[in-house]
file coords.cif (mmCIF, C-alpha atoms and all ligand atoms)
data_structure
loop_
_atom_site.label_atom_id
_atom_site.label_comp_id
_atom_site.auth_asym_id
_atom_site.auth_seq_id
_atom_site.Cartn_x
_atom_site.Cartn_y
_atom_site.Cartn_z
CA MET A 1 -115.22 -253.02 59.62
CA THR A 2 -113.95 -250.51 57.10
CA TYR A 3 -116.25 -249.25 54.41
CA HIS A 4 -115.61 -247.22 51.30
CA PHE A 5 -115.16 -244.04 53.27
CA ASP A 6 -115.40 -241.43 50.48
CA PHE A 7 -118.54 -242.97 49.09
CA ILE A 8 -120.26 -243.12 52.46
CA THR A 9 -119.27 -239.50 53.21
CA ALA A 10 -120.66 -238.35 49.85
CA LEU A 11 -123.81 -240.36 50.45
CA LYS A 12 -124.38 -238.70 53.82
CA GLU A 13 -123.73 -235.24 52.40
CA ALA A 14 -126.23 -235.79 49.62
CA ASN A 15 -128.89 -237.04 52.03
CA LYS A 16 -129.47 -234.34 54.64
CA ILE A 17 -130.58 -236.00 57.83
CA ASP A 18 -133.41 -233.52 58.56
CA GLU A 19 -134.86 -233.97 55.06
CA VAL A 20 -134.72 -237.74 55.21
CA ILE A 21 -136.32 -237.82 58.66
CA THR A 22 -139.04 -235.37 57.57
CA GLU A 23 -139.79 -237.51 54.52
CA ALA A 24 -140.42 -240.43 56.85
CA GLY A 25 -143.31 -238.40 58.28
CA VAL A 26 -141.59 -237.10 61.41
CA LYS A 27 -142.51 -233.46 62.12
CA LEU A 28 -139.27 -231.71 63.07
CA ARG A 29 -139.23 -228.21 64.53
CA LYS A 30 -136.38 -225.91 65.47
CA ALA A 31 -135.35 -225.70 69.12
CA GLY A 32 -132.16 -223.73 69.65
CA SER A 33 -129.30 -225.17 67.68
CA GLU A 34 -131.10 -228.48 67.21
CA MET A 35 -134.31 -229.80 65.76
CA VAL A 36 -136.73 -231.81 67.86
CA ALA A 37 -139.73 -234.05 67.24
CA LEU A 38 -141.90 -236.71 68.78
CA CYS A 39 -139.75 -239.82 68.59
CA PRO A 40 -140.70 -242.19 65.74
CA PHE A 41 -139.27 -245.15 67.67
CA HIS A 42 -141.35 -244.91 70.83
CA ASN A 43 -144.68 -243.38 71.81
CA GLU A 44 -144.52 -240.08 73.60
CA THR A 45 -146.45 -236.86 74.03
CA ARG A 46 -143.51 -234.52 74.58
CA PRO A 47 -140.61 -234.48 72.10
CA SER A 48 -137.41 -236.15 73.27
CA PHE A 49 -136.07 -236.92 69.80
CA SER A 50 -133.44 -234.42 68.69
CA VAL A 51 -131.51 -233.99 65.46
CA ASP A 52 -128.17 -232.27 65.17
CA VAL A 53 -128.24 -231.31 61.50
CA GLY A 54 -124.68 -229.99 61.50
CA ARG A 55 -123.23 -233.24 62.75
CA GLY A 56 -125.77 -235.33 60.87
CA VAL A 57 -126.88 -237.35 63.88
CA TYR A 58 -130.05 -237.96 65.89
CA TYR A 59 -130.60 -238.98 69.50
CA CYS A 60 -133.67 -239.82 71.57
CA HIS A 61 -133.53 -239.07 75.29
CA GLY A 62 -136.51 -241.37 75.82
CA CYS A 63 -135.47 -244.62 74.15
CA GLN A 64 -131.80 -243.92 73.38
CA ALA A 65 -132.28 -244.47 69.64
CA SER A 66 -129.31 -242.80 67.98
CA GLY A 67 -127.23 -242.73 64.82
CA ASP A 68 -126.73 -241.08 61.46
CA VAL A 69 -128.87 -240.91 58.35
CA ILE A 70 -127.99 -244.49 57.36
CA THR A 71 -128.84 -245.86 60.81
CA PHE A 72 -132.12 -243.95 60.71
CA ILE A 73 -133.15 -245.60 57.43
CA GLN A 74 -132.03 -249.01 58.72
CA GLU A 75 -133.98 -248.76 61.94
CA TYR A 76 -137.01 -246.97 60.58
CA HIS A 77 -137.59 -249.40 57.71
CA GLY A 78 -135.94 -252.45 59.25
CA TYR A 79 -133.37 -252.45 56.45
CA SER A 80 -129.96 -254.07 56.39
CA PHE A 81 -126.97 -251.75 56.09
CA TRP A 82 -126.69 -252.44 52.39
CA GLU A 83 -130.37 -251.80 51.71
CA ALA A 84 -130.16 -248.49 53.54
CA VAL A 85 -127.16 -247.51 51.42
CA GLU A 86 -128.99 -248.47 48.23
CA HIS A 87 -132.10 -246.59 49.33
CA LEU A 88 -130.13 -243.39 50.00
CA ALA A 89 -128.08 -243.73 46.82
CA LYS A 90 -131.28 -243.99 44.80
CA ARG A 91 -132.88 -241.10 46.68
CA SER A 92 -129.99 -238.76 45.94
CA GLY A 93 -129.04 -240.05 42.50
CA ILE A 94 -125.56 -241.06 43.63
CA GLU A 95 -124.07 -243.97 41.80
CA ILE A 96 -122.68 -246.86 43.82
CA PRO A 97 -119.06 -247.39 42.72
CA PRO A 98 -118.64 -250.84 41.16
CA ASN A 99 -115.34 -251.37 43.01
CA LEU A 100 -116.77 -250.87 46.49
CA ASP A 101 -114.91 -252.11 49.51
CA PRO A 102 -115.69 -255.82 49.88
CA ASN A 103 -116.95 -255.32 53.41
CA LEU A 104 -119.68 -253.02 52.19
CA ARG A 105 -120.45 -255.15 49.19
CA ARG A 106 -120.68 -258.25 51.40
CA GLY A 107 -124.21 -257.66 52.57
CA PHE A 108 -125.33 -257.48 48.97
CA VAL A 109 -123.33 -260.45 47.75
CA PHE A 110 -124.66 -262.60 50.57
CA ALA A 111 -128.24 -261.65 49.80
CA ASP A 112 -127.55 -262.52 46.18
CA GLY A 113 -126.07 -265.89 47.16
CA LEU A 114 -129.04 -266.67 49.37
CA SER A 115 -131.60 -265.72 46.75
CA TYR A 116 -129.74 -268.00 44.41
CA VAL A 117 -129.90 -270.93 46.80
CA ILE A 118 -133.59 -270.33 47.35
CA ARG A 119 -134.34 -270.03 43.65
CA GLU A 120 -132.30 -272.90 42.34
CA CYS A 121 -131.87 -275.37 45.13
CA PHE A 122 -135.12 -275.24 47.05
CA THR A 123 -136.69 -278.42 45.89
CA ALA A 124 -138.31 -281.36 47.59
CA ARG A 125 -141.25 -279.09 48.35
CA ASP A 126 -143.47 -282.13 48.76
CA ARG A 127 -141.32 -283.34 51.62
CA ALA A 128 -141.45 -279.93 53.25
CA VAL A 129 -145.24 -279.76 52.80
CA GLY A 130 -145.52 -283.28 54.23
CA TYR A 131 -143.61 -282.25 57.32
CA LEU A 132 -145.77 -279.18 57.88
CA ILE A 133 -148.97 -281.17 57.44
CA SER A 134 -147.69 -283.70 60.00
CA ARG A 135 -147.26 -280.77 62.39
CA GLY A 136 -150.90 -279.82 61.89
CA PHE A 137 -150.62 -277.16 59.20
CA GLN A 138 -153.28 -278.47 56.87
CA ASN A 139 -153.01 -275.38 54.68
CA ALA A 140 -149.28 -275.94 54.02
CA HIS A 141 -149.86 -276.17 50.25
CA SER A 142 -151.27 -272.72 50.00
CA LEU A 143 -148.91 -270.84 52.32
CA VAL A 144 -147.80 -267.56 50.83
CA ILE A 145 -144.41 -267.77 52.48
CA ARG A 146 -141.56 -269.51 50.75
CA TYR A 147 -140.05 -272.60 52.23
CA GLY A 148 -138.38 -275.74 51.01
CA ILE A 149 -135.49 -278.09 51.49
CA VAL A 150 -131.99 -277.38 50.24
CA ASP A 151 -131.24 -280.04 47.65
CA GLY A 152 -127.64 -281.07 48.39
CA LYS A 153 -127.10 -282.90 45.08
CA ARG A 154 -128.38 -280.05 43.04
CA LEU A 155 -126.41 -277.53 45.06
CA ASN A 156 -123.23 -279.50 44.37
CA GLY A 157 -124.03 -279.53 40.66
CA GLU A 158 -124.61 -275.78 40.65
CA LEU A 159 -121.38 -275.22 42.53
CA THR A 160 -119.33 -276.99 39.90
CA ARG A 161 -120.90 -274.66 37.37
CA ARG A 162 -120.52 -271.53 39.53
CA PRO A 163 -117.52 -272.12 41.79
CA GLU A 164 -117.50 -268.49 42.97
CA LEU A 165 -120.71 -269.29 44.86
CA SER A 166 -118.94 -271.84 46.98
CA TRP A 167 -116.93 -269.28 48.92
CA TYR A 168 -119.83 -267.24 50.10
CA LEU A 169 -122.08 -270.15 50.81
CA GLU A 170 -119.35 -271.33 53.19
CA GLU A 171 -119.09 -267.81 54.61
CA ILE A 172 -122.76 -267.57 55.46
CA GLY A 173 -123.03 -271.16 56.64
CA VAL A 174 -125.22 -272.70 53.94
CA ARG A 175 -122.30 -275.07 53.39
CA TYR A 176 -119.77 -276.20 55.92
CA LYS A 177 -116.51 -277.77 54.77
CA GLY A 178 -118.18 -279.05 51.63
CA HIS A 179 -121.22 -280.46 53.47
CA GLU A 180 -124.79 -279.22 53.60
CA PRO A 181 -125.79 -278.60 57.20
CA PHE A 182 -129.23 -277.58 55.93
CA ALA A 183 -129.90 -280.98 54.39
CA ASP A 184 -132.92 -282.73 55.97
CA ARG A 185 -134.28 -279.47 57.27
CA VAL A 186 -137.32 -277.45 56.24
CA VAL A 187 -135.76 -274.13 55.42
CA PHE A 188 -137.52 -270.78 55.84
CA PRO A 189 -135.81 -267.76 54.27
CA VAL A 190 -135.64 -264.68 56.50
CA TYR A 191 -136.59 -261.50 54.66
CA THR A 192 -136.36 -257.88 55.72
CA ARG A 193 -139.54 -255.85 55.61
CA SER A 194 -138.61 -254.82 52.09
CA ASN A 195 -138.19 -258.36 50.78
CA VAL A 196 -134.42 -258.75 50.80
CA VAL A 197 -133.32 -262.13 52.06
CA VAL A 198 -130.80 -261.93 54.90
CA GLY A 199 -130.64 -265.47 56.17
CA LEU A 200 -132.10 -268.94 56.36
CA ALA A 201 -133.73 -270.71 59.29
CA GLY A 202 -133.81 -274.50 59.06
CA ARG A 203 -135.97 -276.84 61.22
CA THR A 204 -134.71 -280.40 61.46
CA LEU A 205 -136.89 -283.15 60.01
CA LYS A 206 -135.06 -285.89 61.91
CA ASN A 207 -134.76 -284.58 65.47
CA ILE A 208 -131.14 -283.65 64.93
CA GLU A 209 -129.69 -280.99 67.26
CA PRO A 210 -129.87 -278.09 67.03
CA LYS A 211 -133.58 -278.14 66.36
CA TRP A 212 -133.21 -274.86 64.47
CA LEU A 213 -130.14 -273.96 62.45
CA TYR A 214 -129.48 -270.49 61.08
CA THR A 215 -127.10 -269.11 58.50
CA ARG A 216 -124.79 -266.40 59.82
CA PHE A 217 -126.66 -263.13 60.14
CA GLU A 218 -127.61 -260.84 62.98
CA LYS A 219 -130.77 -262.65 63.98
CA THR A 220 -131.73 -260.18 66.67
CA ARG A 221 -132.08 -257.38 64.12
CA PHE A 222 -134.85 -259.05 62.12
CA PHE A 223 -138.31 -260.48 62.47
CA TRP A 224 -139.46 -263.48 60.50
CA GLY A 225 -142.88 -263.21 58.91
CA TRP A 226 -143.36 -259.64 57.65
CA GLN A 227 -144.45 -261.04 54.29
CA GLY A 228 -147.27 -263.04 55.82
CA LEU A 229 -148.43 -260.46 58.36
CA ARG A 230 -151.98 -259.32 57.57
CA PRO A 231 -152.19 -255.58 56.92
CA ASP A 232 -155.36 -255.29 59.04
CA ILE A 233 -153.55 -256.55 62.15
CA LYS A 234 -153.27 -253.73 64.69
CA THR A 235 -151.68 -255.76 67.46
CA PRO A 236 -149.13 -258.26 66.19
CA ILE A 237 -148.34 -261.32 68.28
CA LEU A 238 -144.62 -261.83 68.84
CA VAL A 239 -143.57 -265.48 68.95
CA GLU A 240 -140.29 -267.36 68.96
CA GLY A 241 -140.08 -269.13 65.61
CA PRO A 242 -141.52 -269.53 62.11
CA LEU A 243 -143.79 -272.47 63.00
CA ASP A 244 -145.47 -270.36 65.69
CA VAL A 245 -146.10 -267.71 63.07
CA LEU A 246 -147.71 -270.28 60.78
CA ALA A 247 -149.89 -271.47 63.65
CA LEU A 248 -151.19 -267.96 64.20
CA ASP A 249 -152.21 -267.49 60.60
CA GLY A 250 -151.04 -264.02 59.55
CA ARG A 251 -151.25 -262.41 62.97
CA ALA A 252 -147.68 -262.96 64.19
CA LEU A 253 -144.01 -262.18 63.76
CA ALA A 254 -141.16 -264.38 65.00
CA ILE A 255 -138.31 -262.91 67.01
CA LEU A 256 -135.95 -265.79 66.05
CA GLY A 257 -134.64 -265.92 69.59
CA SER A 258 -135.77 -265.91 73.18
CA TYR A 259 -136.52 -262.22 73.71
CA VAL A 260 -137.34 -259.05 71.75
CA SER A 261 -134.27 -256.89 71.06
CA GLY A 262 -134.13 -253.10 70.99
CA ALA A 263 -133.50 -253.18 67.24
CA GLN A 264 -136.66 -255.26 66.78
CA ALA A 265 -138.74 -253.06 69.07
CA LYS A 266 -137.82 -250.04 66.95
CA GLN A 267 -139.23 -251.70 63.83
CA LEU A 268 -142.65 -251.86 65.46
CA HIS A 269 -143.23 -248.14 65.12
CA ASN A 270 -146.54 -248.70 63.31
CA TYR A 271 -147.96 -250.50 66.33
CA GLU A 272 -149.07 -249.09 69.64
CA GLU A 273 -149.54 -252.45 71.27
CA VAL A 274 -148.05 -255.92 70.90
CA ILE A 275 -148.81 -259.32 72.37
CA LEU A 276 -146.08 -261.70 73.51
CA ALA A 277 -146.61 -265.46 73.11
CA LEU A 278 -143.31 -267.11 73.90
CA ASP A 279 -142.84 -270.69 75.06
CA GLY A 280 -144.51 -271.73 78.30
CA ASP A 281 -141.35 -272.98 80.02
CA GLU A 282 -138.95 -271.26 82.43
CA ALA A 283 -136.79 -269.88 79.57
CA GLY A 284 -139.93 -268.59 77.84
CA ARG A 285 -141.03 -266.77 81.01
CA LYS A 286 -137.59 -265.16 81.40
CA GLY A 287 -137.62 -264.12 77.75
CA THR A 288 -141.12 -262.69 78.16
CA LEU A 289 -140.07 -260.54 81.10
CA ALA A 290 -136.95 -259.28 79.28
CA SER A 291 -139.12 -258.48 76.25
CA VAL A 292 -141.68 -256.63 78.37
CA LYS A 293 -138.88 -254.39 79.71
CA THR A 294 -137.60 -253.58 76.22
CA LEU A 295 -141.05 -252.99 74.75
CA LEU A 296 -142.18 -250.72 77.59
CA ARG A 297 -139.05 -248.65 77.03
CA HIS A 298 -140.12 -248.24 73.42
CA GLY A 299 -143.52 -246.97 74.47
CA LYS A 300 -145.55 -250.08 73.67
CA PHE A 301 -148.52 -251.46 75.53
CA VAL A 302 -147.79 -255.12 76.15
CA ARG A 303 -150.06 -258.06 76.74
CA VAL A 304 -148.96 -261.65 77.27
CA ILE A 305 -150.49 -264.95 76.22
CA SER A 306 -149.64 -267.43 78.93
CA LEU A 307 -149.11 -270.85 77.39
CA PRO A 308 -149.15 -274.09 79.39
CA SER A 309 -145.66 -275.17 80.48
CA GLY A 310 -143.72 -276.86 77.68
CA LYS A 311 -146.07 -275.63 74.95
CA ASP A 312 -145.47 -273.11 72.20
CA PRO A 313 -148.07 -271.62 69.85
CA ALA A 314 -147.16 -274.19 67.17
CA ASP A 315 -148.23 -277.02 69.52
CA MET A 316 -151.62 -275.43 69.86
CA VAL A 317 -152.70 -275.38 66.24
CA SER A 318 -155.94 -277.21 66.84
CA GLY A 319 -156.42 -276.10 70.44
CA GLU A 320 -157.46 -272.81 71.88
CA ILE A 321 -154.90 -270.08 72.30
CA PRO A 322 -155.57 -268.44 75.70
CA GLU A 323 -156.68 -264.79 75.89
CA PRO A 324 -153.86 -262.26 76.35
CA GLN A 325 -153.51 -260.51 79.72
CA ASP A 326 -151.85 -257.23 80.59
CA TRP A 327 -148.21 -258.01 81.31
CA ILE A 328 -148.54 -257.02 84.95
CA VAL A 329 -151.50 -259.35 85.50
CA TRP A 330 -149.59 -262.14 83.74
CA LEU A 331 -146.60 -261.50 86.02
CA ARG A 332 -148.79 -261.62 89.15
CA GLY A 333 -150.06 -265.00 88.01
CA LEU A 334 -146.54 -266.43 88.35
CA TYR A 335 -146.64 -265.88 92.13
CA ASP A 336 -148.92 -267.33 94.81
CA ASP A 337 -150.53 -265.49 97.72
CA THR A 338 -147.88 -265.95 100.40
CA LEU A 339 -146.16 -262.86 101.74
CA THR A 340 -142.81 -263.97 100.31
CA SER A 341 -144.29 -264.32 96.84
CA ARG A 342 -145.98 -260.93 97.02
CA VAL A 343 -142.70 -259.29 97.99
CA LYS A 344 -140.96 -261.06 95.12
CA PHE A 345 -143.64 -259.89 92.68
CA ALA A 346 -143.32 -256.31 93.98
CA ASN A 347 -139.54 -256.43 93.54
CA VAL A 348 -139.76 -257.69 89.98
CA VAL A 349 -142.32 -255.01 89.07
CA GLY A 350 -140.00 -252.39 90.58
CA GLY A 351 -137.18 -253.64 88.35
CA VAL A 352 -139.32 -253.57 85.22
CA LEU A 353 -140.58 -250.03 85.87
CA LYS A 354 -137.21 -248.56 86.80
CA GLY A 355 -136.25 -245.74 84.45
CA LEU A 356 -139.66 -245.43 82.76
CA PRO A 357 -141.31 -241.97 82.66
CA PRO A 358 -142.70 -241.19 86.17
CA LEU A 359 -146.36 -241.00 85.13
CA LEU A 360 -146.17 -244.32 83.37
CA GLN A 361 -144.55 -245.85 86.46
CA MET A 362 -147.37 -244.50 88.60
CA ALA A 363 -150.02 -245.95 86.32
CA TYR A 364 -148.48 -249.40 86.48
CA GLU A 365 -147.76 -249.15 90.21
CA LYS A 366 -151.44 -248.43 90.79
CA THR A 367 -152.40 -251.65 89.00
CA ALA A 368 -149.67 -253.58 90.80
CA LYS A 369 -151.06 -252.39 94.17
CA GLU A 370 -154.59 -253.45 93.24
CA ILE A 371 -153.54 -257.00 92.42
CA LEU A 372 -150.75 -257.38 95.03
ZN ZN B 401 -137.36 -242.51 71.35
#

call {"tool": "encode", "arguments": {"input": "coords.cif", "output": "structure tokens", "more": "lines below"}}
Ligand SMILES: [Zn+2]
result
Amino acid sequence: MTYHFDFITALKEANKIDEVITEAGVKLRKAGSEMVALCPFHNETRPSFSVDVGRGVYYCHGCQASGDVITFIQEYHGYSFWEAVEHLAKRSGIEIPPNLDPNLRRGFVFADGLSYVIRECFTARDRAVGYLISRGFQNAHSLVIRYGIVDGKRLNGELTRRPELSWYLEEIGVRYKGHEPFADRVVFPVYTRSNVVVGLAGRTLKNIEPKWLYTRFEKTRFFWGWQGLRPDIKTPILVEGPLDVLALDGRALAILGSYVSGAQAKQLHNYEEVILALDGDEAGRKGTLASVKTLLRHGKFVRVISLPSGKDPADMVSGEIPEPQDWIVWLRGLYDDTLTSRVKFANVVGGVLKGLPPLLQMAYEKTAKEIL
């Protein structure tokens, strides 16, 4: 992708990386030709986060977070590229040129197109509420999150009035060759932490595959549910999809996929510990293990809620959600007491711990030995 190079260069010059990072509350101190700090993206007691002010880049030897001032803002706040650009432009009083390269503008235009769809064409709320109530969400009327059903007829009407919309709705996948793939789906907008819409997630009402359909956006960079997450929650529960979030009533975020990505883990810098509650099938267990690895590498404590096979949190609205266990105890529970199983368990633990700081490895190895 090519961006408006001069503008981006000016933006970076006007926003000194050390100042921006300090403003985010990271305490930088000089160490030789660089500046170092405790990494804001993973928990640590000795600084492995370094900033090269001259080159305008940062790098963490602990979690490999790296980038320039724009990346820092994106990852620290969970912003899209465009939002980070806007944030820095505002911070430094630089005006965004109206004739920006279309590739840079894209992110903004798409968000605008999506907000438009949500505002104008999200009707049939009764049908959406009806669906949610049938899934056990009795409080569907009062949900703070926005959801609805894309009204195909109305969308078509709007498109004759605003034909320029048509192009980008096709681009992002709200329309496909003049059809509405999101028709007959309950649609949940995906917002960044700062309330900019980046995509739509649509759950079929009629058992049409795929069960969930998404507009084109980098799903693995975002969580769904920031807007509904209760501020008093210290340990968020990470689940697969929006319905699981609704089932957990303000305590959860959805990863919109089968495992937690590095980009997502970095956005959890306010939390020391997280709980994983992915589906109880084979794929869910694999995703849980992959997520544990990523989260440990970002310095999180991880517990796991082990759901019965074939269940997800949304199936358990009225039932009891089991108590979370430390990830290592959860993992042990997947193996029986035969020698072969114990060896398998030991091997998997070894793989998970590989590359973690030695003391942390020792702490987990001690627990693994106790329960072997
Ligand atoms: Zn780090």

call {"tool": "residues_around", "arguments": {"input": "coords.cif", "residues": "Thr215 (chain A)", "least_positions_apart": "6", "cutoff": "8 Å", "atoms": "only C-alpha atoms", "output": "VMD selection string"}}
result
chain A and resid 172 to 174 199 to 201

call {"tool": "residues_near_point", "arguments": {"input": "coords.cif", "point": "(-147.6, -250.4, 70.6)", "cutoff": "6 Å", "atoms": "all atoms listed in the file", "output": "VMD selection string"}}
result
chain A and resid 271 to 274 300 to 301

call {"tool": "residues_near_ligand", "arguments": {"input": "coords.cif", "ligand": "ligand ZN 401 (chain B)", "cutoff": "10 Å", "atoms": "only C-alpha atoms and all ligand atoms", "output": "list in words"}}
result
Ala37, Leu38, Cys39, Pro40, Phe41, His42, Asn43, Glu44, Pro47, Ser48, Phe49, Ser50, Tyr59, Cys60, His61, Gly62, Cys63, Gln64, Ala65, Ser66, Lys266, Arg297, His298 and Gly299 of chain A

call {"tool": "closest_residue", "arguments": {"input": "coords.cif", "among": "A:Ser258, A:Ser309, A:Thr220, A:Asn156", "to": "Leu289 (chain A)", "atoms": "only C-alpha atoms"}}
result
A:Ser258

call {"tool": "atom_distance", "arguments": {"input": "coords.cif", "atom1": "CA of Ile94 (chain A)", "atom2": "CA of Ser80 (chain A)"}}
result
18.7 Å

call {"tool": "decode", "arguments": {"input": "coords.cif", "residues": "region 17-43 of chain A", "atoms": "N, CA and C atoms", "output": "CSV table (one decimal), in the first residue's frame"}}
result
chain,number,residue,atom,x,y,z
A,17,ILE,N,8.3,10.5,19.0
A,17,ILE,CA,7.9,9.2,19.5
A,17,ILE,C,8.1,9.2,21.0
A,18,ASP,N,9.2,9.8,21.6
A,18,ASP,CA,9.4,9.7,23.0
A,18,ASP,C,8.3,10.5,23.8
A,19,GLU,N,7.9,11.6,23.2
A,19,GLU,CA,6.8,12.4,23.8
A,19,GLU,C,5.5,11.7,23.8
A,20,VAL,N,5.2,11.1,22.7
A,20,VAL,CA,3.9,10.4,22.6
A,20,VAL,C,3.8,9.3,23.5
A,21,ILE,N,4.9,8.5,23.6
A,21,ILE,CA,4.9,7.3,24.5
A,21,ILE,C,4.9,7.8,25.9
A,22,THR,N,5.6,8.9,26.3
A,22,THR,CA,5.5,9.4,27.7
A,22,THR,C,4.1,9.8,28.0
A,23,GLU,N,3.5,10.5,27.1
A,23,GLU,CA,2.1,10.9,27.3
A,23,GLU,C,1.1,9.8,27.6
A,24,ALA,N,1.5,8.6,27.1
A,24,ALA,CA,0.6,7.4,27.3
A,24,ALA,C,0.9,6.9,28.7
A,25,GLY,N,1.8,7.5,29.5
A,25,GLY,CA,2.0,7.1,30.8
A,25,GLY,C,3.2,6.1,31.0
A,26,VAL,N,4.0,5.9,29.9
A,26,VAL,CA,5.1,5.1,30.0
A,26,VAL,C,6.3,5.9,30.5
A,27,LYS,N,7.0,5.4,31.5
A,27,LYS,CA,8.1,6.2,32.1
A,27,LYS,C,9.4,5.8,31.4
A,28,LEU,N,9.8,6.6,30.4
A,28,LEU,CA,11.1,6.4,29.7
A,28,LEU,C,12.3,7.0,30.4
A,29,ARG,N,13.4,6.2,30.4
A,29,ARG,CA,14.6,6.8,30.9
A,29,ARG,C,15.8,6.5,29.9
A,30,LYS,N,16.8,7.4,30.0
A,30,LYS,CA,17.9,7.3,29.1
A,30,LYS,C,18.8,6.1,29.4
A,31,ALA,N,19.2,5.3,28.4
A,31,ALA,CA,20.1,4.3,28.6
A,31,ALA,C,21.0,4.2,27.4
A,32,GLY,N,22.2,4.8,27.4
A,32,GLY,CA,23.0,4.9,26.3
A,32,GLY,C,22.4,5.8,25.2
A,33,SER,N,22.4,5.3,24.0
A,33,SER,CA,21.9,6.1,22.9
A,33,SER,C,20.3,5.9,22.8
A,34,GLU,N,19.8,5.0,23.6
A,34,GLU,CA,18.4,4.8,23.5
A,34,GLU,C,17.6,5.2,24.8
A,35,MET,N,16.3,5.0,24.7
A,35,MET,CA,15.5,5.2,25.9
A,35,MET,C,14.9,3.9,26.2
A,36,VAL,N,14.7,3.6,27.5
A,36,VAL,CA,14.1,2.3,27.9
A,36,VAL,C,13.0,2.5,28.9
A,37,ALA,N,12.1,1.5,29.0
A,37,ALA,CA,11.0,1.6,29.9
A,37,ALA,C,10.5,0.2,30.2
A,38,LEU,N,9.6,0.1,31.2
A,38,LEU,CA,8.9,-1.2,31.3
A,38,LEU,C,7.9,-1.2,30.2
A,39,CYS,N,7.8,-2.3,29.5
A,39,CYS,CA,6.9,-2.4,28.3
A,39,CYS,C,5.5,-2.2,28.6
A,40,PRO,N,4.8,-1.4,27.9
A,40,PRO,CA,3.3,-1.2,28.1
A,40,PRO,C,2.5,-2.3,27.6
A,41,PHE,N,3.1,-3.2,26.8
A,41,PHE,CA,2.3,-4.2,26.1
A,41,PHE,C,2.4,-5.6,26.8
A,42,HIS,N,3.4,-5.7,27.7
A,42,HIS,CA,3.4,-7.0,28.5
A,42,HIS,C,3.9,-6.6,29.9
A,43,ASN,N,3.6,-7.5,30.9
A,43,ASN,CA,4.0,-7.2,32.3
A,43,ASN,C,5.4,-7.6,32.5
